[in-house]
Amino acid sequence: MSNIIKITIDGRECTARPGQTVLEAAAANGIYIPSLCRFEGLKPAGSCRVCTVRVGGRYQASCTFPVSEGMAVESAVPDLEDMRKAIVEMLFVEGNHMCPTCEKSGNCELQALAYRFRMLVPRFPYLFPKKAVEPAGSKLLMEQNRCIKCLRCATGIRTKDNKKVFGPLHRSVEKKLFVDPALASALPERWARKAMDRCPVGCILRKEVGFAVPVGRRKYDKAPIGSDIEKPRS
Amino acid sequence: MSKPVIATASLAGCFGCHMSILDIDERILQLVELVEFNKSPIDDIKTFTKPVDIGLIEGGCCNSENVENLRSFRANCKILISVGECAIMGGLPAMRNGIPIRECLEEAYFHTPTIDPADPRIMPHDEELPVILDRVYPNHEIVPVDYYLPGCPPSADLIWKALVALLEGKPLDLSYGLIKFD
């Protein structure tokens, strides 16, 4: 069996390894497929669907969909790009995303996708749901107004004895991320920071460190999200 | 040919977006050459005196006066633009959305730390005062809005480029960095 799989993404010939997902193979070939809930090194949850591509006429989350020989992937096509933008817009209206007051502004992946997609106003009506800022032990805060339920914290933040610190509660529109304040307090500093950094938005916050990086030097101030992956078409 | 006419208003905003308009620096001389200002806090014209081509609205709607003002802008302006986060999504004033209005007013007038407990408790309710709305509304939920310029405030460059694009009838080049929500 060959160890090289050939696929095309938007007609561009790419090589992939068996077991790779479409998103991983795309990145390895210098093609950025926008994604949000996925975090490098964590098992993808496939929950946000921002990375949706079309394979054989069917819609697939590219962060979970494995490559196979001869696969033809559609990604940067107008209808898929508009659908991705619609998902981001939906996330904006489903929470209370007050960017001007947010510690994560400029480093926020949701905001960065909106910038990349040139979102001027969501096409959906704002819901203004009633959410709260919840204490999460001595080191962290949970700003529930901003949570997009990507589940990165539930998957990726554990105590030394492998206990989950965060976990989903309820389902559908009632769904929220629950934090165990005692376990969160016991997280070493490095992991408390990790919890904040892994959160794509400004929901999990390490107390007393916000707004440390000045405007102009934040992650997405100058270059769009994904520009570290993209290589121009040769 | 007469110059295109611009009007501006600040509804539930902080005047930061107007400051950003002024932040176009020396280009303001060009702007004065290109357009004529009508109703606006910049020239202090209080009522519309002629039909307006472009209306720039800062701030969303938090009270009845905002709604009245916005509707009069829609009626008098060919093109209406929501300028800034508050106009587009309610912004910081919308942080009260979800809190019952009674709770908000009691917090502001009865429980805030600067209230002397010895003073009589007074909640302003004069009929001269605009009525506060149940929540803060983005402008496009009250009247149709044609364009949106996000930012808190939108950068002077974005405002300038948008105005020039409109005046020249060309599409707006939204290069990366022009759109910011903060």
# chains A, B, ... in the order shown; residues from 1 in each chain; ligands from 1

call {"tool": "closest_atom_pairs", "arguments": {"of": "stretch 17-42 of chain A", "to": "stretch 152-156 of chain A", "cutoff": "9 Å", "atoms": "only C-alpha atoms", "output": "tab-separated table"}}
result
residue	atom	partner	partner_atom	distance
A:Cys37	CA	A:Arg152	CA	6.7
A:Arg38	CA	A:Arg152	CA	7.4
A:Phe39	CA	A:Arg152	CA	7.0
A:Gly41	CA	A:Gly156	CA	8.9
A:Leu42	CA	A:Gly156	CA	6.4

call {"tool": "write_last_selection", "arguments": {"atoms": "N, CA and C atoms", "output": "PDB file, in the first residue's frame"}}
result
ATOM      1  N   CYS A  37     -13.518  25.445  15.942  1.00  0.00           N
ATOM      2  CA  CYS A  37     -13.499  24.653  17.175  1.00  0.00           C
ATOM      3  C   CYS A  37     -12.250  23.781  17.263  1.00  0.00           C
ATOM      4  N   ARG A  38     -11.635  23.525  16.127  1.00  0.00           N
ATOM      5  CA  ARG A  38     -10.461  22.652  16.102  1.00  0.00           C
ATOM      6  C   ARG A  38      -9.266  23.335  16.748  1.00  0.00           C
ATOM      7  N   PHE A  39      -8.477  22.561  17.486  1.00  0.00           N
ATOM      8  CA  PHE A  39      -7.243  23.086  18.067  1.00  0.00           C
ATOM      9  C   PHE A  39      -6.150  22.066  17.852  1.00  0.00           C
ATOM     10  N   GLY A  41      -3.525  19.487  18.016  1.00  0.00           N
ATOM     11  CA  GLY A  41      -3.115  18.609  19.112  1.00  0.00           C
ATOM     12  C   GLY A  41      -4.272  18.030  19.903  1.00  0.00           C
ATOM     13  N   LEU A  42      -5.472  18.588  19.728  1.00  0.00           N
ATOM     14  CA  LEU A  42      -6.634  18.032  20.430  1.00  0.00           C
ATOM     15  C   LEU A  42      -7.484  17.239  19.443  1.00  0.00           C
TER      16      LEU A  42
END

call {"tool": "closest_atom_pairs", "arguments": {"of": "chain A", "to": "chain B", "cutoff": "6 Å", "atoms": "only C-alpha atoms", "output": "CSV"}}
result
residue,atom,partner,partner_atom,distance
A:Cys99,CA,B:Asp182,CA,5.7
A:Pro100,CA,B:Asp182,CA,4.3
A:Leu120,CA,B:Tyr148,CA,5.9
A:Lys130,CA,B:Gly98,CA,5.2

call {"tool": "select_by_dssp", "arguments": {"residues": "stretch 136-182 of chain B", "states": "strand (DSSP E)", "output": "NGL selection string"}}
result
:B and (136-137 or 147-149)

call {"tool": "atom_distance", "arguments": {"atom1": "atom CA of A:Glu134", "atom2": "atom CA of B:Phe110"}}
result
25.6 Å

call {"tool": "select_by_dssp", "arguments": {"residues": "chain B", "states": "alpha helix (DSSP H)", "output": "PyMOL selection string"}}
result
chain B and resi 16-22+27-34+64-76+85-89+101-106+156-168
